[in-house]
Structure formats: structure tokens, C-alpha cells
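Peer 1: Before we start, here is the structure in question, set down as C-alpha cells.
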Amino acid sequence: MESAPKGLRLHIGIFGRRNVGKSSLLNAITRQQVSIVSEIAGTTTDPVEKPMELLPLGPVLFIDTAGVDDIGALGELRAAATRRVFERTDLGIVVTDGAWGEFEEKILGALSERGAPAIAVFNKSDVESPPAEALSRLVVRGIPAVRTVASKREGILDLRAALIERAPSEFLESAAILSDLVGPGEMAVLVVPIDKEAPKGRIILPQVQAIRDLLDANAMALVLKESELAEGLARLKVPPKLVVTDSQAFEKVAADTPPGIPMTSFSILFSRFKGDLVLQAEGALSVERLRPGDRVLVAEACSHHPIGEDIGRVKIPNWLRNTVGGPLDFTTVQGHDFPEDLSPYKLVIHCGACMMNRREVLSRIHRCRKAGVPVTNYGLVIALSLGILERALGPFPEAKAACRRRRVQSPKP
């Protein structure tokens, strides 16, 4: 469980004012000294992450944050870092030492706006009892209230029970990456280019997770390079249910895969797994409305060191320049960085987000929609640039139909 990818873990954010016992609570839950505990307000500066196993949920990631009421210039930076944690929180813990007011309500509002369930924790309950009025309001809203004394590890079992009860249902059910498109006893062909960006001695995370998903579902995986695809397909007695390729090899794989065999990319699979495939597929059509000089935001979930043929900084910009017929103004962000103001951009292109949890990707998509900026992902925009978007969406009838409707409603300029 300790090696489970961060992007597949249930993200549990711990929020509250300074010095209410957030760090003590994390240490009590994990039974480890994860966060520094002090009587001095503002001890926690940057968000502190701790992965662990919480049965029956499985692998989770606790995030201890700085107080939302931090003051001063440095305090505002800490509070801003805390606010960014909301974007990736699947389940929130609102901690108070007895008081319940504006700060706690704002935290609940931020979580509610993002569709994340919450739990109220009244820590230091041996010193001050929770206010009856606040408890009544929480009950009416269906938010469980737990009393704890984190320094003595009292009430922690009640908190664990509340976490399990309030966890989003998808974490109790295994979502499929591609196995539902293949089926038990059937085969998927996975095309894995070994180029300059392939990590030495291993393959990248989306490919590893796809293989594991197939094995868990009792399906078969044939893994090969793009140069071996035609021969590999010819050797099979029964056609595979699906061919999946790295998006960078889309053009060759589309040419070598017979029309009767469904084909897509790892990035598009992850658009469905981590984001909103229908909305991001429609967003890809916005490429047809770009004009030279337009600003485009490229968002990468990981902080890898780019090389000369980087997909987000070199290859996609080149494909789009050819499609648009002129240069575009690209901005690239990495990790959890994402602009507050999206209005300058005509399009946001996100990676497959294998390093992020689904909540953060959906939060970004929501922010793009709120700002009126189309959002898509690497595989979808590459497929459109190469003229094979509909074929790449073949395994996903709903997304394919949505793109067709959008084109009828808003034909190419």
C-alpha cells in the first residue's frame, strides 16, 4: 500500500484555524510523528502529506495544512497554499478547538463547492465542549461531528469510522481504466514506444496501470513497440478487442491498425479515468477555432525535466502550429501550479494526469468551465491535429456522439 501511486489514493485534507490541533490529529490518526506539534500558532507552514492504508478504503493520503487564519505576508502565502489543497481533497476534515464560526463555515463552503464530503472534528473536547447550536446545524446538513482529544489519542477510532462512512463511493469500488472495454479472457494490444522520453529500464505509469487493470480483470495484454504492431496483429488468431497507443505514435498506429479494431490512446483512457472525457473531447474541437497568436495553457501533472522532444513543450505545439497555420503563445505549468486567472487563454490542454487524483483534475475542469475556457487533454488534441479524433473516440460512443453534435451546432469557421 505504501507504494500505491499518489493519484490513486483517497486524498483527505485536514483544515482549520491555527493551533486547533490539526497536526496532533494527523499524528494520532497515523500513529506516527508526521507533523511538528507546537503551542506556537503557525507551526505548520507548507502542506504535509502522509500516505497510509485505511481499511476498507485502501491507500489514502492525509494532507495537513497551515491555518486558514494565518496573518501577515508570509501567512497569506501559507493560507494560499492551503486553499490550493481544496482542489485535490476528496474528503475534508474541519478541525476546531471548540469555536465554530466564519472560518469553519468557509472551509465547509469550499469543500461543498467542489463536491467533497466533510467531517467536523471538535478537538480538545476535554477543555471545551462543542457549542450545541453548531452541532445542531451540522446534524441538519448531514455532516458528522466527532469529539477528539488528539494529544491523548481519544476519539480517533470514532474519526476513522466517520472517514470510512463519508468516503466517496468510488473509493470502495474499483474503477476501470480499460478492462471494461476488453472483458475477461479477451486481449488488448498496448503500443509502448521506447523513445528518448521513455524512462530507462521501465515504462511510464499509465502503461503500468493499464497492464495491472487488465490483469486484475482476467484480461490479456500484448505489449509491443509501434514498429512491431503490424506483425504482432498478423500473428494473432483472434483480433484484439482494443489497441491502445502512446499518443505520440498515433499516426503510425492508426495506419497499421485495421479499421475493424477499436483504437485509442493511454491519454484518452485517462481522460475518462481521471477527468471528463465527453467535455474534454468537445474541448478538443476548439483547436479548429484557434488563430495565430492565441494563448494556450499546457498543464502537466508531474515535474519531470523536459528534453528536446518533450511532448507538451515541443511536439504538441508543433502539431498545433501546423493545424492553426501559424505560431501560438504557449504557457506551461507543472505539478499543482495552475493559474488563478484563466481568462487570457483560448484553450487549456492537460496531460493524462496519472500523477494527480481525479478530484484535482475535475476541479481544474470546473474552473475552466467557470472561466469559459475550453479544456482538453494531450491525446485528444493530438488525435484532432492528425485528423483521427473520431477514430480515437470509437471505443467511447457517448464522447464521439457529443463531438458530432457539437460540430453540427458549431461548424468549422
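A note on labels: chains of the C-alpha cells are A, B, ... as shown, every chain counts residues from 1, and ligands are counted from 1 in their shown order.
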Quick one: pick out all alpha helix (DSSP H) residues within region 174-384 of chain A from a backbone DSSP run and write them as a PyMOL selection string.

Peer 2: chain A and resi 179-182+205-216+229-235+250-256+266-274+277-284+316-324+358-371+378-384

Peer 1: Once you count only C-alpha atoms, what closest atom pair and distance in Å to one decimal does each residue of region 161-212 of chain A within 8 Å of region 231-251 of chain A have, with rows by chain and rising residue number, as JSON lines?

Peer 2:
```
{"residue": "A:Leu181", "atom": "CA", "partner": "A:Leu242", "partner_atom": "CA", "distance": 7.4}
{"residue": "A:Val182", "atom": "CA", "partner": "A:Lys241", "partner_atom": "CA", "distance": 5.5}
{"residue": "A:Glu186", "atom": "CA", "partner": "A:Lys241", "partner_atom": "CA", "distance": 6.7}
{"residue": "A:Met187", "atom": "CA", "partner": "A:Pro240", "partner_atom": "CA", "distance": 5.0}
{"residue": "A:Ala188", "atom": "CA", "partner": "A:Leu242", "partner_atom": "CA", "distance": 4.9}
{"residue": "A:Val189", "atom": "CA", "partner": "A:Val243", "partner_atom": "CA", "distance": 4.7}
{"residue": "A:Leu190", "atom": "CA", "partner": "A:Val244", "partner_atom": "CA", "distance": 4.9}
{"residue": "A:Val191", "atom": "CA", "partner": "A:Thr245", "partner_atom": "CA", "distance": 4.5}
{"residue": "A:Val192", "atom": "CA", "partner": "A:Asp246", "partner_atom": "CA", "distance": 6.1}
{"residue": "A:Pro193", "atom": "CA", "partner": "A:Asp246", "partner_atom": "CA", "distance": 6.9}
```

Peer 1: Those residues with N, CA and C atoms, as a compact mmCIF listing (two decimals), in the first residue's frame please?

Peer 2:
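See out.txt below for the written result:
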```txt
# COMPACT_ATOMS: atom_id res chain seq x y z
N LEU A 181 -13.58 -2.25 -21.35
CA LEU A 181 -13.67 -2.19 -22.81
C LEU A 181 -13.15 -3.48 -23.46
N VAL A 182 -12.50 -4.30 -22.66
CA VAL A 182 -11.86 -5.51 -23.19
C VAL A 182 -12.63 -6.77 -22.77
N GLU A 186 -10.31 -11.77 -22.89
CA GLU A 186 -10.03 -11.08 -24.15
C GLU A 186 -8.69 -10.36 -24.07
N MET A 187 -8.25 -9.82 -25.21
CA MET A 187 -6.91 -9.23 -25.28
C MET A 187 -6.95 -7.77 -25.70
N ALA A 188 -6.04 -6.98 -25.11
CA ALA A 188 -5.75 -5.62 -25.57
C ALA A 188 -4.30 -5.56 -26.01
N VAL A 189 -4.04 -4.89 -27.11
CA VAL A 189 -2.67 -4.67 -27.58
C VAL A 189 -2.25 -3.28 -27.13
N LEU A 190 -1.15 -3.22 -26.38
CA LEU A 190 -0.65 -1.95 -25.85
C LEU A 190 0.63 -1.57 -26.59
N VAL A 191 0.59 -0.44 -27.27
CA VAL A 191 1.74 0.02 -28.06
C VAL A 191 2.54 0.99 -27.20
N VAL A 192 3.78 0.61 -26.90
CA VAL A 192 4.62 1.37 -25.98
C VAL A 192 5.92 1.77 -26.69
N PRO A 193 5.98 2.98 -27.24
CA PRO A 193 7.21 3.43 -27.89
C PRO A 193 8.37 3.52 -26.88
```

Peer 1: Show which residues sit within 12 Å of Gly293 (chain A), as a ChimeraX atom specification. Count only C-alpha atoms, and ignore same-chain residues fewer than 3 positions away.

Peer 2: /A:290,296,320-321,324-330,344-346

Peer 1: Would you mind reading off the distance between CA of Ala281 (chain A) and CA of His366 (chain A), one decimal, in Å?

Peer 2: 15.0 Å

Peer 1: Find the residues around Phe103 (chain A) up to 10 Å (only C-alpha atoms counted), leave out those fewer than 4 positions away in its own chain, and share them as a VMD selection string.

Peer 2: chain A and resid 15 to 17 67 to 69 94 96 99 107 to 109

Peer 1: Neighbouring residues of region 282-289 of chain A were defined as those with any atom within 8 Å, considering only C-alpha atoms; residues of the same chain fewer than 2 positions away were excluded. Please report them as a ChimeraX atom specification.

Peer 2: /A:278-280,291,320,323-324,347,374-377,380-381,384,399,402-403,406-407,412-413

Peer 1: Hey, can you check how far CA of Val373 (chain A) sits from CA of Gly275 (chain A)?

Peer 2: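 Between CA of Val373 (chain A) and CA of Gly275 (chain A) the gap works out to 15.8 Å.
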
Peer 1: Mind the document's chain letters and residue numbers, and return as a ChimeraX atom specification the residues of region 73-256 of chain A that DSSP labels strand (DSSP E).

Peer 2: /A:91-96,118-122,145-147,187-191,220-224,242-245

Peer 1: Go ahead and write the selection's residues with N, CA and C atoms as a PDB file, in the first residue's frame.

Peer 2:
```pdb
ATOM      1  N   LEU A  91     -12.006  14.208   0.557  1.00  0.00           N
ATOM      2  CA  LEU A  91     -12.741  14.162   1.811  1.00  0.00           C
ATOM      3  C   LEU A  91     -12.065  15.130   2.782  1.00  0.00           C
ATOM      4  N   GLY A  92     -12.834  16.072   3.353  1.00  0.00           N
ATOM      5  CA  GLY A  92     -12.241  17.088   4.199  1.00  0.00           C
ATOM      6  C   GLY A  92     -12.553  16.899   5.673  1.00  0.00           C
ATOM      7  N   ILE A  93     -11.554  17.177   6.511  1.00  0.00           N
ATOM      8  CA  ILE A  93     -11.736  17.192   7.962  1.00  0.00           C
ATOM      9  C   ILE A  93     -11.595  18.638   8.419  1.00  0.00           C
ATOM     10  N   VAL A  94     -12.653  19.194   9.002  1.00  0.00           N
ATOM     11  CA  VAL A  94     -12.623  20.567   9.516  1.00  0.00           C
ATOM     12  C   VAL A  94     -12.409  20.492  11.027  1.00  0.00           C
ATOM     13  N   VAL A  95     -11.254  20.966  11.478  1.00  0.00           N
ATOM     14  CA  VAL A  95     -10.872  20.826  12.885  1.00  0.00           C
ATOM     15  C   VAL A  95     -11.071  22.158  13.612  1.00  0.00           C
ATOM     16  N   THR A  96     -11.659  22.095  14.798  1.00  0.00           N
ATOM     17  CA  THR A  96     -11.792  23.263  15.652  1.00  0.00           C
ATOM     18  C   THR A  96     -11.519  22.840  17.092  1.00  0.00           C
ATOM     19  N   ALA A 118     -17.513  16.243   4.010  1.00  0.00           N
ATOM     20  CA  ALA A 118     -16.728  16.792   5.111  1.00  0.00           C
ATOM     21  C   ALA A 118     -17.109  16.143   6.434  1.00  0.00           C
ATOM     22  N   ILE A 119     -16.187  16.234   7.371  1.00  0.00           N
ATOM     23  CA  ILE A 119     -16.392  15.791   8.757  1.00  0.00           C
ATOM     24  C   ILE A 119     -15.927  16.925   9.660  1.00  0.00           C
ATOM     25  N   ALA A 120     -16.717  17.241  10.676  1.00  0.00           N
ATOM     26  CA  ALA A 120     -16.313  18.246  11.663  1.00  0.00           C
ATOM     27  C   ALA A 120     -15.693  17.541  12.861  1.00  0.00           C
ATOM     28  N   VAL A 121     -14.516  18.008  13.267  1.00  0.00           N
ATOM     29  CA  VAL A 121     -13.833  17.427  14.427  1.00  0.00           C
ATOM     30  C   VAL A 121     -13.677  18.504  15.494  1.00  0.00           C
ATOM     31  N   PHE A 122     -14.282  18.277  16.644  1.00  0.00           N
ATOM     32  CA  PHE A 122     -14.141  19.186  17.778  1.00  0.00           C
ATOM     33  C   PHE A 122     -13.035  18.633  18.667  1.00  0.00           C
ATOM     34  N   ALA A 145     -20.193  15.027  13.332  1.00  0.00           N
ATOM     35  CA  ALA A 145     -19.320  15.762  14.258  1.00  0.00           C
ATOM     36  C   ALA A 145     -18.670  14.767  15.219  1.00  0.00           C
ATOM     37  N   VAL A 146     -17.358  14.804  15.302  1.00  0.00           N
ATOM     38  CA  VAL A 146     -16.600  13.870  16.134  1.00  0.00           C
ATOM     39  C   VAL A 146     -15.843  14.652  17.207  1.00  0.00           C
ATOM     40  N   ARG A 147     -15.888  14.166  18.436  1.00  0.00           N
ATOM     41  CA  ARG A 147     -15.142  14.794  19.529  1.00  0.00           C
ATOM     42  C   ARG A 147     -13.832  14.035  19.731  1.00  0.00           C
ATOM     43  N   MET A 187      -8.248  -9.819 -25.213  1.00  0.00           N
ATOM     44  CA  MET A 187      -6.912  -9.227 -25.279  1.00  0.00           C
ATOM     45  C   MET A 187      -6.946  -7.768 -25.705  1.00  0.00           C
ATOM     46  N   ALA A 188      -6.037  -6.982 -25.115  1.00  0.00           N
ATOM     47  CA  ALA A 188      -5.753  -5.624 -25.571  1.00  0.00           C
ATOM     48  C   ALA A 188      -4.302  -5.564 -26.014  1.00  0.00           C
ATOM     49  N   VAL A 189      -4.037  -4.891 -27.114  1.00  0.00           N
ATOM     50  CA  VAL A 189      -2.671  -4.672 -27.578  1.00  0.00           C
ATOM     51  C   VAL A 189      -2.246  -3.277 -27.126  1.00  0.00           C
ATOM     52  N   LEU A 190      -1.150  -3.216 -26.377  1.00  0.00           N
ATOM     53  CA  LEU A 190      -0.651  -1.947 -25.850  1.00  0.00           C
ATOM     54  C   LEU A 190       0.627  -1.568 -26.588  1.00  0.00           C
ATOM     55  N   VAL A 191       0.592  -0.442 -27.274  1.00  0.00           N
ATOM     56  CA  VAL A 191       1.741   0.018 -28.058  1.00  0.00           C
ATOM     57  C   VAL A 191       2.544   0.993 -27.203  1.00  0.00           C
ATOM     58  N   MET A 220      -6.097 -10.164 -21.084  1.00  0.00           N
ATOM     59  CA  MET A 220      -4.716 -10.343 -21.533  1.00  0.00           C
ATOM     60  C   MET A 220      -4.163  -9.061 -22.151  1.00  0.00           C
ATOM     61  N   ALA A 221      -2.854  -8.887 -22.030  1.00  0.00           N
ATOM     62  CA  ALA A 221      -2.191  -7.719 -22.605  1.00  0.00           C
ATOM     63  C   ALA A 221      -1.021  -8.172 -23.473  1.00  0.00           C
ATOM     64  N   LEU A 222      -0.993  -7.697 -24.702  1.00  0.00           N
ATOM     65  CA  LEU A 222       0.149  -7.890 -25.590  1.00  0.00           C
ATOM     66  C   LEU A 222       0.838  -6.545 -25.720  1.00  0.00           C
ATOM     67  N   VAL A 223       2.082  -6.453 -25.229  1.00  0.00           N
ATOM     68  CA  VAL A 223       2.813  -5.185 -25.212  1.00  0.00           C
ATOM     69  C   VAL A 223       3.897  -5.213 -26.275  1.00  0.00           C
ATOM     70  N   LEU A 224       3.911  -4.194 -27.135  1.00  0.00           N
ATOM     71  CA  LEU A 224       4.921  -4.133 -28.201  1.00  0.00           C
ATOM     72  C   LEU A 224       5.180  -2.681 -28.590  1.00  0.00           C
ATOM     73  N   LEU A 242      -9.111  -4.287 -28.379  1.00  0.00           N
ATOM     74  CA  LEU A 242      -8.721  -2.887 -28.328  1.00  0.00           C
ATOM     75  C   LEU A 242      -7.228  -2.750 -28.568  1.00  0.00           C
ATOM     76  N   VAL A 243      -6.841  -1.704 -29.296  1.00  0.00           N
ATOM     77  CA  VAL A 243      -5.439  -1.308 -29.434  1.00  0.00           C
ATOM     78  C   VAL A 243      -5.283   0.048 -28.748  1.00  0.00           C
ATOM     79  N   VAL A 244      -4.307   0.139 -27.852  1.00  0.00           N
ATOM     80  CA  VAL A 244      -4.044   1.381 -27.117  1.00  0.00           C
ATOM     81  C   VAL A 244      -2.608   1.800 -27.389  1.00  0.00           C
ATOM     82  N   THR A 245      -2.422   3.051 -27.723  1.00  0.00           N
ATOM     83  CA  THR A 245      -1.082   3.531 -28.049  1.00  0.00           C
ATOM     84  C   THR A 245      -0.711   4.760 -27.240  1.00  0.00           C
TER      85      THR A 245
END
```

Peer 1: From the options A:Phe396, A:Phe270, A:Phe338, A:Trp100, which residue's atoms come nearest to Gly352 (chain A), counting only C-alpha atoms?

Peer 2: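 Of the candidates, the smallest distance to Gly352 (chain A) is held by A:Phe270.
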